[in-house]
file model_0.txt (compact mmCIF, C-alpha atoms (C1' of nucleotides))
# COMPACT_ATOMS: atom_id res chain seq x y z
CA MET A 1 0.00 0.00 0.00
CA THR A 2 2.91 2.28 0.63
CA LEU A 3 2.46 5.05 -1.86
CA ASP A 4 4.99 5.46 -4.61
CA ARG A 5 6.33 8.93 -3.95
CA GLU A 6 8.17 9.10 -7.23
CA GLN A 7 5.14 8.01 -9.20
CA VAL A 8 3.11 10.75 -7.54
CA LEU A 9 5.74 13.30 -8.44
CA ARG A 10 5.80 12.18 -12.04
CA SER A 11 2.07 12.45 -12.53
CA ALA A 12 2.12 15.79 -10.75
CA ALA A 13 4.77 17.02 -13.16
CA ALA A 14 2.78 15.71 -16.10
CA LEU A 15 -0.32 17.55 -14.95
CA LEU A 16 1.38 20.77 -13.92
CA THR A 17 3.20 20.87 -17.24
CA ARG A 18 -0.13 20.98 -19.01
CA LYS A 19 -1.99 23.08 -16.47
CA SER A 20 0.27 25.06 -14.23
CA THR A 21 -2.61 26.41 -12.17
CA ALA A 22 -3.89 22.97 -11.22
CA THR A 23 -5.26 22.59 -7.71
CA MET A 24 -3.80 20.31 -5.08
CA ASP A 25 -7.02 18.38 -5.40
CA GLU A 26 -6.49 17.98 -9.13
CA VAL A 27 -2.91 16.92 -8.56
CA ALA A 28 -4.09 14.31 -6.09
CA LYS A 29 -6.77 13.00 -8.42
CA ALA A 30 -4.30 12.86 -11.30
CA ALA A 31 -2.02 10.76 -9.13
CA GLY A 32 -4.94 8.55 -8.20
CA ILE A 33 -4.69 9.34 -4.51
CA GLY A 34 -6.72 11.34 -2.03
CA ARG A 35 -5.99 14.94 -1.23
CA ALA A 36 -5.31 14.04 2.38
CA THR A 37 -2.68 11.54 1.35
CA LEU A 38 -1.05 14.04 -0.94
CA HIS A 39 -0.91 16.42 1.98
CA ARG A 40 0.62 13.79 4.24
CA HIS A 41 3.61 13.57 1.93
CA PHE A 42 3.94 17.15 0.72
CA ALA A 43 3.07 19.89 3.14
CA GLY A 44 1.73 22.16 0.42
CA ARG A 45 2.10 23.31 -3.09
CA ASP A 46 5.51 24.84 -2.50
CA ALA A 47 6.79 21.65 -0.91
CA LEU A 48 5.47 19.69 -3.86
CA VAL A 49 7.21 21.90 -6.39
CA LYS A 50 10.41 21.77 -4.39
CA ALA A 51 10.24 18.01 -4.34
CA LEU A 52 9.73 18.06 -8.09
CA GLU A 53 12.71 20.31 -8.43
CA SER A 54 14.88 18.05 -6.32
CA LEU A 55 13.85 14.98 -8.24
CA GLY A 56 14.43 16.70 -11.56
CA ILE A 57 17.87 17.95 -10.63
CA GLN A 58 18.81 14.58 -9.22
CA GLU A 59 17.76 12.82 -12.39
CA PHE A 60 19.43 15.36 -14.61
CA GLU A 61 22.70 15.07 -12.75
CA ALA A 62 22.42 11.30 -12.94
CA ALA A 63 21.94 11.66 -16.69
CA LEU A 64 25.00 13.89 -16.86
CA ASP A 65 26.98 11.24 -15.03
CA ALA A 66 25.67 8.45 -17.22
CA ALA A 67 26.45 10.37 -20.38
CA ARG A 68 30.19 10.45 -19.61
CA LEU A 69 30.46 13.74 -21.46
CA ASP A 70 34.24 13.73 -21.46
CA GLU A 71 34.61 10.40 -23.19
CA GLY A 72 34.90 10.17 -26.94
CA THR A 73 33.85 12.93 -29.28
CA SER A 74 31.50 15.72 -28.29
CA GLU A 75 28.92 14.36 -30.65
CA GLU A 76 28.98 10.98 -28.96
CA GLY A 77 28.72 12.63 -25.57
CA LEU A 78 25.75 14.69 -26.68
CA ARG A 79 23.98 11.64 -28.06
CA ARG A 80 24.52 9.81 -24.80
CA LEU A 81 23.24 12.80 -22.86
CA ILE A 82 20.04 13.09 -24.86
CA ALA A 83 19.47 9.38 -24.53
CA ALA A 84 20.04 9.50 -20.78
CA VAL A 85 17.78 12.48 -20.34
CA GLU A 86 14.83 11.13 -22.29
CA PRO A 87 13.09 9.40 -19.37
CA SER A 88 13.20 12.65 -17.41
CA ALA A 89 12.25 14.91 -20.28
CA GLY A 90 8.70 15.51 -19.09
CA LEU A 91 9.81 16.44 -15.63
CA LEU A 92 12.60 18.65 -16.90
CA SER A 93 10.25 20.31 -19.31
CA PHE A 94 8.13 21.35 -16.38
CA LEU A 95 11.05 22.61 -14.34
CA VAL A 96 12.59 24.63 -17.14
CA ASN A 97 9.42 26.67 -17.40
CA GLU A 98 8.80 26.91 -13.69
CA ASN A 99 12.19 27.31 -12.09
CA GLN A 100 11.43 30.95 -11.49
CA LEU A 101 8.74 30.13 -8.99
CA PHE A 102 10.94 30.80 -6.02
CA GLU A 103 11.76 34.36 -6.81
CA GLY A 104 15.25 35.43 -6.04
CA ASP A 105 15.56 33.76 -2.69
CA GLU A 106 17.08 30.43 -3.51
CA VAL A 107 18.08 29.72 -7.08
CA ASN A 108 18.87 26.14 -6.14
CA GLU A 109 22.57 25.62 -6.53
CA GLY A 110 21.92 22.16 -7.91
CA TRP A 111 20.55 23.70 -11.05
CA ASP A 112 23.53 26.00 -11.36
CA ARG A 113 25.82 23.05 -10.96
CA ALA A 114 24.13 21.14 -13.76
CA ASP A 115 24.12 24.26 -15.90
CA ALA A 116 27.84 24.63 -15.42
CA ARG A 117 28.48 21.07 -16.48
CA VAL A 118 26.48 21.37 -19.68
CA SER A 119 28.00 24.72 -20.47
CA ALA A 120 31.49 23.38 -19.87
CA PHE A 121 30.74 20.49 -22.18
CA PHE A 122 29.88 22.82 -25.04
CA ARG A 123 32.90 24.99 -24.33
CA ARG A 124 35.13 21.94 -24.41
CA GLY A 125 33.65 20.93 -27.73
CA GLN A 126 34.38 24.38 -29.09
CA GLU A 127 37.96 24.24 -27.91
CA ARG A 128 38.33 20.91 -29.63
CA GLY A 129 37.03 22.37 -32.85
CA GLU A 130 33.95 20.16 -32.81
CA PHE A 131 31.39 22.88 -32.09
CA ARG A 132 31.09 26.26 -33.74
CA ILE A 133 32.42 29.10 -31.73
CA ASP A 134 29.96 31.74 -32.90
CA LEU A 135 27.24 30.32 -30.67
CA THR A 136 27.96 30.82 -26.99
CA PRO A 137 28.01 27.84 -24.61
CA ALA A 138 25.29 29.57 -22.61
CA TRP A 139 23.02 29.69 -25.63
CA LEU A 140 23.77 26.12 -26.63
CA THR A 141 22.94 25.07 -23.09
CA GLU A 142 19.64 26.91 -23.13
CA ALA A 143 18.86 25.61 -26.59
CA LEU A 144 19.47 22.08 -25.39
CA TYR A 145 17.01 22.55 -22.55
CA GLY A 146 14.52 24.17 -24.87
CA LEU A 147 14.68 21.41 -27.44
CA VAL A 148 14.39 18.68 -24.83
CA GLY A 149 11.35 20.40 -23.39
CA THR A 150 9.86 20.98 -26.82
CA GLY A 151 10.49 17.37 -27.75
CA ALA A 152 8.77 16.09 -24.64
CA TRP A 153 5.88 18.42 -25.24
CA SER A 154 5.52 17.55 -28.92
CA ILE A 155 5.41 13.87 -28.14
CA GLN A 156 2.86 14.34 -25.40
CA ALA A 157 0.75 16.39 -27.79
CA GLY A 158 1.03 13.63 -30.37
CA ARG A 159 2.64 15.81 -33.00
CA VAL A 160 5.77 13.71 -33.30
CA ALA A 161 6.51 10.05 -32.70
CA ALA A 162 7.96 9.10 -29.34
CA GLN A 163 10.59 6.89 -30.91
CA ASP A 164 12.06 9.87 -32.74
CA PHE A 165 12.82 11.83 -29.58
CA GLN A 166 16.56 11.33 -29.48
CA TYR A 167 17.13 11.49 -33.20
CA MET A 168 15.17 14.69 -33.73
CA ILE A 169 16.81 16.57 -30.92
CA VAL A 170 20.36 15.44 -31.54
CA GLU A 171 20.18 15.94 -35.27
CA LEU A 172 18.66 19.38 -35.05
CA LEU A 173 20.99 20.47 -32.30
CA LEU A 174 24.07 19.18 -34.09
CA GLY A 175 23.36 19.70 -37.73
CA GLY A 176 20.40 22.07 -37.98
CA ALA A 177 17.72 22.00 -40.61
CA ARG A 178 19.84 23.01 -43.56
CA ARG A 179 20.59 20.34 -46.06
CA SER A 180 24.33 20.41 -46.38
CA VAL A 181 26.51 19.17 -49.21
CA GLU A 182 27.87 16.29 -47.21
CA GLN A 183 24.46 14.74 -46.82
CA MET B 1 -5.45 58.53 -19.58
CA THR B 2 -7.00 55.89 -21.72
CA LEU B 3 -5.24 52.74 -20.70
CA ASP B 4 -3.02 51.03 -23.20
CA ARG B 5 -4.67 47.67 -23.55
CA GLU B 6 -1.79 46.19 -25.48
CA GLN B 7 0.75 47.38 -22.95
CA VAL B 8 -1.24 45.74 -20.18
CA LEU B 9 -1.35 42.49 -22.12
CA ARG B 10 2.38 42.58 -22.68
CA SER B 11 3.27 43.05 -19.06
CA ALA B 12 0.73 40.40 -18.13
CA ALA B 13 2.41 37.99 -20.51
CA ALA B 14 5.82 38.88 -19.11
CA LEU B 15 4.66 38.19 -15.57
CA LEU B 16 2.66 35.07 -16.33
CA THR B 17 5.59 33.65 -18.25
CA ARG B 18 7.69 33.86 -15.12
CA LYS B 19 4.99 33.00 -12.62
CA SER B 20 2.06 31.23 -14.15
CA THR B 21 0.12 31.19 -10.88
CA ALA B 22 0.18 34.95 -10.47
CA THR B 23 -3.06 36.43 -9.16
CA MET B 24 -5.07 39.09 -10.91
CA ASP B 25 -3.83 41.53 -8.30
CA GLU B 26 -0.23 40.75 -9.16
CA VAL B 27 -0.96 41.07 -12.84
CA ALA B 28 -2.54 44.46 -12.24
CA LYS B 29 0.35 45.67 -10.13
CA ALA B 30 2.83 44.45 -12.73
CA ALA B 31 0.97 46.48 -15.33
CA GLY B 32 0.98 49.49 -13.03
CA ILE B 33 -2.78 49.68 -12.83
CA GLY B 34 -5.39 48.94 -10.20
CA ARG B 35 -7.11 45.63 -9.93
CA ALA B 36 -10.45 47.28 -10.58
CA THR B 37 -9.19 48.75 -13.82
CA LEU B 38 -7.83 45.41 -14.91
CA HIS B 39 -11.23 43.94 -14.25
CA ARG B 40 -12.94 46.67 -16.24
CA HIS B 41 -11.07 45.55 -19.32
CA PHE B 42 -10.84 41.80 -18.82
CA ALA B 43 -13.73 40.07 -17.13
CA GLY B 44 -11.51 37.50 -15.46
CA ARG B 45 -8.44 35.42 -15.72
CA ASP B 46 -9.80 33.36 -18.57
CA ALA B 47 -10.73 36.44 -20.53
CA LEU B 48 -7.26 37.81 -19.94
CA VAL B 49 -5.59 34.67 -21.22
CA LYS B 50 -7.88 34.58 -24.22
CA ALA B 51 -7.00 38.16 -25.01
CA LEU B 52 -3.35 37.24 -24.73
CA GLU B 53 -3.95 34.36 -27.07
CA SER B 54 -5.72 36.54 -29.60
CA LEU B 55 -3.00 39.15 -29.53
CA GLY B 56 -0.30 36.53 -29.85
CA ILE B 57 -1.91 34.82 -32.80
CA GLN B 58 -2.60 38.11 -34.48
CA GLU B 59 1.02 39.18 -34.11
CA PHE B 60 2.34 35.84 -35.20
CA GLU B 61 0.20 35.83 -38.31
CA ALA B 62 1.31 39.37 -39.03
CA ALA B 63 4.90 38.19 -38.70
CA LEU B 64 4.18 35.34 -41.08
CA ASP B 65 2.80 37.83 -43.58
CA ALA B 66 5.72 40.19 -43.15
CA ALA B 67 8.21 37.39 -43.60
CA ARG B 68 7.01 36.63 -47.15
CA LEU B 69 7.98 33.03 -46.67
CA ASP B 70 7.55 32.13 -50.32
CA GLU B 71 9.94 34.74 -51.64
CA GLY B 72 13.59 33.89 -52.20
CA THR B 73 15.31 30.94 -50.59
CA SER B 74 13.96 29.13 -47.57
CA GLU B 75 16.87 30.41 -45.55
CA GLU B 76 16.03 34.00 -46.38
CA GLY B 77 12.41 33.38 -45.50
CA LEU B 78 13.36 31.87 -42.19
CA ARG B 79 15.62 34.78 -41.36
CA ARG B 80 12.84 37.22 -42.14
CA LEU B 81 10.42 35.22 -40.02
CA ILE B 82 12.67 35.19 -36.99
CA ALA B 83 13.31 38.88 -37.38
CA ALA B 84 9.60 39.60 -37.68
CA VAL B 85 8.74 37.46 -34.71
CA GLU B 86 11.30 38.90 -32.33
CA PRO B 87 9.10 41.70 -30.92
CA SER B 88 6.44 39.13 -30.06
CA ALA B 89 8.79 36.49 -28.73
CA GLY B 90 7.96 37.07 -25.08
CA LEU B 91 4.25 36.83 -25.71
CA LEU B 92 4.62 33.77 -27.91
CA SER B 93 6.84 32.15 -25.34
CA PHE B 94 4.01 32.40 -22.86
CA LEU B 95 1.41 31.07 -25.24
CA VAL B 96 3.46 28.10 -26.38
CA ASN B 97 3.60 26.85 -22.81
CA GLU B 98 0.03 27.74 -21.93
CA ASN B 99 -2.02 26.95 -25.02
CA GLN B 100 -3.27 23.84 -23.32
CA LEU B 101 -5.14 25.86 -20.74
CA PHE B 102 -8.45 25.48 -22.50
CA GLU B 103 -8.56 21.75 -22.46
CA GLY B 104 -9.98 20.14 -25.49
CA ASP B 105 -12.89 22.46 -26.02
CA GLU B 106 -11.52 25.08 -28.35
CA VAL B 107 -8.07 24.64 -29.73
CA ASN B 108 -8.26 28.03 -31.37
CA GLU B 109 -8.25 27.58 -35.09
CA GLY B 110 -6.03 30.62 -35.45
CA TRP B 111 -3.20 28.69 -33.92
CA ASP B 112 -3.81 25.75 -36.21
CA ARG B 113 -3.77 28.08 -39.16
CA ALA B 114 -0.43 29.56 -38.18
CA ASP B 115 0.91 26.07 -37.49
CA ALA B 116 -0.09 24.98 -40.95
CA ARG B 117 1.69 27.91 -42.57
CA VAL B 118 4.94 27.25 -40.74
CA SER B 119 4.73 23.55 -41.37
CA ALA B 120 4.04 24.14 -45.07
CA PHE B 121 7.05 26.43 -45.22
CA PHE B 122 9.34 23.71 -43.95
CA ARG B 123 7.80 21.16 -46.28
CA ARG B 124 8.33 23.46 -49.22
CA GLY B 125 11.94 23.90 -48.21
CA GLN B 126 12.34 20.16 -48.12
CA GLU B 127 10.82 19.74 -51.56
CA ARG B 128 13.22 22.33 -52.89
CA GLY B 129 16.14 20.43 -51.42
CA GLU B 130 16.99 23.24 -49.02
CA PHE B 131 15.96 21.48 -45.80
CA ARG B 132 16.79 17.96 -44.76
CA ILE B 133 14.02 15.48 -45.18
CA ASP B 134 14.82 13.30 -42.19
CA LEU B 135 13.33 15.85 -39.80
CA THR B 136 9.58 16.18 -40.15
CA PRO B 137 7.98 19.56 -40.85
CA ALA B 138 5.98 19.10 -37.65
CA TRP B 139 9.12 18.74 -35.60
CA LEU B 140 10.85 21.65 -37.31
CA THR B 141 7.78 23.73 -36.56
CA GLU B 142 7.79 22.77 -32.92
CA ALA B 143 11.53 23.30 -32.70
CA LEU B 144 11.12 26.77 -34.14
CA TYR B 145 8.58 27.62 -31.47
CA GLY B 146 10.74 26.11 -28.79
CA LEU B 147 13.83 27.98 -29.81
CA VAL B 148 12.02 31.28 -30.09
CA GLY B 149 10.59 30.77 -26.63
CA THR B 150 13.94 29.68 -25.24
CA GLY B 151 15.61 32.68 -26.84
CA ALA B 152 13.12 35.09 -25.32
CA TRP B 153 13.50 33.41 -21.96
CA SER B 154 17.30 33.39 -22.06
CA ILE B 155 17.42 37.06 -22.87
CA GLN B 156 14.98 37.91 -20.12
CA ALA B 157 17.08 35.89 -17.69
CA GLY B 158 20.16 37.74 -18.84
CA ARG B 159 21.98 34.65 -19.99
CA VAL B 160 22.38 35.78 -23.57
CA ALA B 161 22.60 39.20 -25.18
CA ALA B 162 19.41 40.61 -26.65
CA GLN B 163 21.15 41.65 -29.85
CA ASP B 164 22.00 38.03 -30.58
CA PHE B 165 18.41 36.84 -30.62
CA GLN B 166 17.97 36.47 -34.36
CA TYR B 167 21.45 35.21 -35.07
CA MET B 168 21.44 32.54 -32.40
CA ILE B 169 18.09 31.13 -33.33
CA VAL B 170 18.52 31.18 -37.07
CA GLU B 171 22.03 29.80 -36.99
CA LEU B 172 21.19 26.99 -34.63
CA LEU B 173 18.00 26.12 -36.43
CA LEU B 174 19.64 26.15 -39.83
CA GLY B 175 23.14 24.90 -39.22
CA GLY B 176 23.16 23.31 -35.78
CA ALA B 177 26.03 23.31 -33.35
CA ARG B 178 28.39 21.09 -35.30
CA ARG B 179 31.33 22.79 -36.84
CA SER B 180 31.18 21.77 -40.46
CA VAL B 181 33.92 21.75 -43.04
CA GLU B 182 32.46 24.66 -44.99
CA GLN B 183 32.83 26.98 -42.03
C1' DC C 1 -7.37 -13.77 13.92
C1' DT C 2 -5.61 -9.28 15.79
C1' DC C 3 -3.29 -5.35 15.35
C1' DA C 4 -0.79 -1.65 13.32
C1' DT C 5 -0.19 1.20 9.54
C1' DG C 6 -1.45 3.86 5.67
C1' DT C 7 -5.17 5.28 2.99
C1' DG C 8 -9.75 7.58 0.92
C1' DA C 9 -13.50 10.26 1.78
C1' DG C 10 -15.19 14.00 3.56
C1' DA C 11 -16.18 17.63 7.23
C1' DC C 12 -14.49 21.90 8.96
C1' DA C 13 -12.42 26.45 9.74
C1' DT C 14 -9.13 29.44 7.71
C1' DT C 15 -7.02 31.79 4.14
C1' DT C 16 -6.74 33.42 -0.38
C1' DT C 17 -8.60 35.01 -4.52
C1' DC C 18 -12.32 36.69 -7.12
C1' DG C 19 -15.92 39.72 -8.81
C1' DT C 20 -18.53 43.78 -7.78
C1' DC C 21 -19.23 47.88 -5.75
C1' DT C 22 -18.54 52.80 -4.03
C1' DC C 23 -16.11 56.97 -3.77
C1' DA C 24 -12.53 60.36 -4.20
C1' DT C 25 -9.30 62.00 -7.58
C1' DC C 26 -7.11 63.18 -11.80
C1' DG C 27 -6.91 65.02 -16.42
C1' DA C 28 -8.78 66.43 -20.69
C1' DA C 29 -12.49 68.64 -23.23
C1' DG C 30 -15.64 72.21 -23.56
C1' DC D 1 -14.01 76.98 -14.23
C1' DT D 2 -17.08 73.11 -15.01
C1' DT D 3 -18.15 68.71 -16.66
C1' DC D 4 -17.30 64.24 -17.98
C1' DG D 5 -14.98 59.92 -18.29
C1' DA D 6 -11.56 56.87 -16.59
C1' DT D 7 -8.80 55.52 -12.86
C1' DG D 8 -6.89 53.97 -8.04
C1' DA D 9 -7.87 52.58 -3.65
C1' DG D 10 -10.31 50.01 -0.88
C1' DA D 11 -14.57 47.69 1.15
C1' DC D 12 -17.54 43.78 0.79
C1' DG D 13 -19.53 39.19 0.17
C1' DA D 14 -18.98 35.04 -2.60
C1' DA D 15 -16.32 31.45 -4.24
C1' DA D 16 -12.37 28.64 -4.27
C1' DA D 17 -8.35 26.62 -2.33
C1' DT D 18 -5.89 25.36 1.54
C1' DG D 19 -4.54 22.96 5.77
C1' DT D 20 -6.18 20.02 9.47
C1' DC D 21 -8.99 16.83 11.37
C1' DT D 22 -11.85 12.51 12.08
C1' DC D 23 -13.34 8.07 10.86
C1' DA D 24 -14.10 3.87 8.34
C1' DC D 25 -11.67 0.67 5.61
C1' DA D 26 -8.15 -2.07 3.46
C1' DT D 27 -3.86 -4.41 3.56
C1' DG D 28 0.03 -6.71 5.43
C1' DA D 29 2.62 -8.35 9.57
C1' DG D 30 2.76 -10.99 13.50
call {"tool": "encode", "arguments": {"input": "model_0.txt", "output": "structure tokens"}}
result
Amino acid sequence: MTLDREQVLRSAAALLTRKSTATMDEVAKAAGIGRATLHRHFAGRDALVKALESLGIQEFEAALDAARLDEGTSEEGLRRLIAAVEPSAGLLSFLVNENQLFEGDEVNEGWDRADARVSAFFRRGQERGEFRIDLTPAWLTEALYGLVGTGAWSIQAGRVAAQDFQYMIVELLLGGARRSVEQ
Amino acid sequence: MTLDREQVLRSAAALLTRKSTATMDEVAKAAGIGRATLHRHFAGRDALVKALESLGIQEFEAALDAARLDEGTSEEGLRRLIAAVEPSAGLLSFLVNENQLFEGDEVNEGWDRADARVSAFFRRGQERGEFRIDLTPAWLTEALYGLVGTGAWSIQAGRVAAQDFQYMIVELLLGGARRSVEQ
DNA sequence: CTCATGTGAGACATTTTCGTCTCATCGAAG
DNA sequence: CTTCGATGAGACGAAAATGTCTCACATGAG
């Protein structure tokens, strides 16, 4: 009977991604549990969002670890990262658009830490001559987040096939839409 | 004294993008007007969001017109589109992440219409051999939205320079991050 | 079986937000 | 100056959401 905390968080993220103004009652119903039970595990809406944030950061950092970004070429590292991040894409999509909820007070250093790792990865790729240098690492980092979020959203909306997630994101991020001579 | 309806909508979009659960009072304060005045112009939160949606679609369709997507190469058309869309990026960024607020009932055919135009543009580019055919028009359309939203967000957060908006988006969308031989 | 634990449903008071209202004020037009 | 229209501030009740509580029930352990 013990409730699956992580499962609750995932369905909450899925709902809040679609409807950010959802009620605690709606969140509970979406998770298939009672409002009282939801309250027993998360003191309130803020606590719920913080838990979502913690879970998202934890999973993202785990994905960064699993991707072994410093092994092989940058392209290989990026492909591994996108693959590792796919299961968390929905959750991350929510957090990317909601991480401003706690205004100013605590920016969550975990997010900064992950940001720094991704940014450093792109910078390293530039120094190696594998990534273009006219796009800043900061922008490439943001674009990566944006495309992962967009990908998750597009799949959920049924506009693109779920199996294409990794391919679409990696290919667009690496090669863009232009048809080049080498293809 | 007559209140600038559009200005109110813009500041509302800016606030709601950051904090989607903002109250009507916060929206009013952000716009520098009283809550009563806000209510005189928009019956309620739903009416406000619908007005935002209408304005966003109107501006996006105007941008599509201004971009003359069928003139010149696809790349030129895309550059014109991004340039034309820049002033509305903040508003569009909000709508992209909130267009699911009216669940199921009315998907707003204006949005579908705009979607179809963008999608057709990418398809045309593919038929001309200017865009790769292994990325679907639907995905390219979504990616365009995502990158525009991410660009607006990144600039607002101060992570990238405002003057780079067009360049960053167009270059990434067209050429990707990979450093190719021709560069 | 008996018990302990965790749960769902719902009641309840409190808090927040909403929608409407009044009234004083400001500024422009006449 | 006077009038008119729009606004800001705030009061007010209604509605919604929240947080806490009780209680019956189900499940698993002993």
call {"tool": "residues_around", "arguments": {"input": "model_0.txt", "residues": "segment 154-170 of chain B", "least_positions_apart": "5", "cutoff": "9 Å", "atoms": "only C-alpha atoms (C1' of nucleotides)", "output": "VMD selection string"}}
result
(chain A and resid 134 to 136 138 to 140 142 to 143) or (chain B and resid 75 78 to 79 82 to 83 86 90 144 147 to 149 175)
call {"tool": "atom_distance", "arguments": {"input": "model_0.txt", "atom1": "atom CA of Val118 of chain A", "atom2": "atom CA of Arg68 of chain A"}}
result
11.5 Å
call {"tool": "interface_residues", "arguments": {"input": "model_0.txt", "of": "chain B", "to": "chain D", "cutoff": "12 Å", "atoms": "only C-alpha atoms (C1' of nucleotides)", "output": "list in words"}}
result
Met1, Thr2, Leu3, Ala28, Lys29, Gly32, Ile33, Gly34, Arg35, Ala36, Thr37, Leu38, His39, Arg40 and His41 of chain B
call {"tool": "atom_distance", "arguments": {"input": "model_0.txt", "atom1": "atom CA of Asp112 of chain A", "atom2": "atom CA of Phe60 of chain A"}}
result
11.9 Å
call {"tool": "interface_residues", "arguments": {"input": "model_0.txt", "of": "chain C", "to": "chain A", "cutoff": "9 Å", "atoms": "only C-alpha atoms (C1' of nucleotides)", "output": "list in words"}}
result
DG6, DT7, DG8 and DA9 of chain C
call {"tool": "atom_distance", "arguments": {"input": "model_0.txt", "atom1": "atom CA of Glu127 of chain A", "atom2": "atom CA of Ser74 of chain A"}}
result
10.7 Å
call {"tool": "closest_residue", "arguments": {"input": "model_0.txt", "among": "A:Glu109, A:Glu6, A:Glu171, A:Glu76", "to": "Leu55 of chain A", "atoms": "all atoms listed in the file"}}
result
A:Glu6
call {"tool": "build_atoms", "arguments": {"input": "model_0.txt", "residues": "segment 164-176 of chain B", "atoms": "N, CA, C and O atoms", "output": "mmCIF file, in the coordinates of the input"}}
result
data_model
loop_
_atom_site.group_PDB
_atom_site.id
_atom_site.type_symbol
_atom_site.label_atom_id
_atom_site.label_comp_id
_atom_site.auth_asym_id
_atom_site.auth_seq_id
_atom_site.Cartn_x
_atom_site.Cartn_y
_atom_site.Cartn_z
ATOM 1 N N ASP B 164 21.676 39.281 -29.909
ATOM 2 C CA ASP B 164 22.000 38.030 -30.580
ATOM 3 C C ASP B 164 20.789 37.177 -30.891
ATOM 4 O O ASP B 164 20.926 36.097 -31.465
ATOM 5 N N PHE B 165 19.626 37.649 -30.484
ATOM 6 C CA PHE B 165 18.410 36.840 -30.620
ATOM 7 C C PHE B 165 18.277 36.187 -31.999
ATOM 8 O O PHE B 165 18.246 34.962 -32.117
ATOM 9 N N GLN B 166 18.199 37.010 -33.021
ATOM 10 C CA GLN B 166 17.970 36.470 -34.360
ATOM 11 C C GLN B 166 19.095 35.534 -34.789
ATOM 12 O O GLN B 166 18.853 34.427 -35.279
ATOM 13 N N TYR B 167 20.299 35.996 -34.619
ATOM 14 C CA TYR B 167 21.450 35.210 -35.070
ATOM 15 C C TYR B 167 21.484 33.822 -34.423
ATOM 16 O O TYR B 167 21.614 32.801 -35.102
ATOM 17 N N MET B 168 21.350 33.808 -33.121
ATOM 18 C CA MET B 168 21.440 32.540 -32.400
ATOM 19 C C MET B 168 20.383 31.555 -32.855
ATOM 20 O O MET B 168 20.677 30.373 -33.095
ATOM 21 N N ILE B 169 19.175 32.026 -32.970
ATOM 22 C CA ILE B 169 18.090 31.130 -33.330
ATOM 23 C C ILE B 169 18.230 30.643 -34.766
ATOM 24 O O ILE B 169 18.152 29.442 -35.041
ATOM 25 N N VAL B 170 18.430 31.554 -35.669
ATOM 26 C CA VAL B 170 18.520 31.180 -37.070
ATOM 27 C C VAL B 170 19.700 30.251 -37.311
ATOM 28 O O VAL B 170 19.587 29.226 -37.985
ATOM 29 N N GLU B 171 20.838 30.610 -36.745
ATOM 30 C CA GLU B 171 22.030 29.800 -36.990
ATOM 31 C C GLU B 171 21.882 28.395 -36.422
ATOM 32 O O GLU B 171 22.254 27.405 -37.046
ATOM 33 N N LEU B 172 21.349 28.306 -35.222
ATOM 34 C CA LEU B 172 21.190 26.990 -34.630
ATOM 35 C C LEU B 172 20.161 26.176 -35.395
ATOM 36 O O LEU B 172 20.364 24.999 -35.699
ATOM 37 N N LEU B 173 19.076 26.822 -35.735
ATOM 38 C CA LEU B 173 18.000 26.120 -36.430
ATOM 39 C C LEU B 173 18.452 25.669 -37.821
ATOM 40 O O LEU B 173 18.120 24.568 -38.277
ATOM 41 N N LEU B 174 19.208 26.494 -38.475
ATOM 42 C CA LEU B 174 19.640 26.150 -39.830
ATOM 43 C C LEU B 174 20.850 25.211 -39.826
ATOM 44 O O LEU B 174 20.861 24.174 -40.479
ATOM 45 N N GLY B 175 21.867 25.610 -39.097
ATOM 46 C CA GLY B 175 23.140 24.900 -39.220
ATOM 47 C C GLY B 175 23.501 23.998 -38.054
ATOM 48 O O GLY B 175 24.411 23.177 -38.163
ATOM 49 N N GLY B 176 22.827 24.135 -36.925
ATOM 50 C CA GLY B 176 23.160 23.310 -35.780
ATOM 51 C C GLY B 176 24.461 23.730 -35.123
ATOM 52 O O GLY B 176 25.095 24.712 -35.516
#
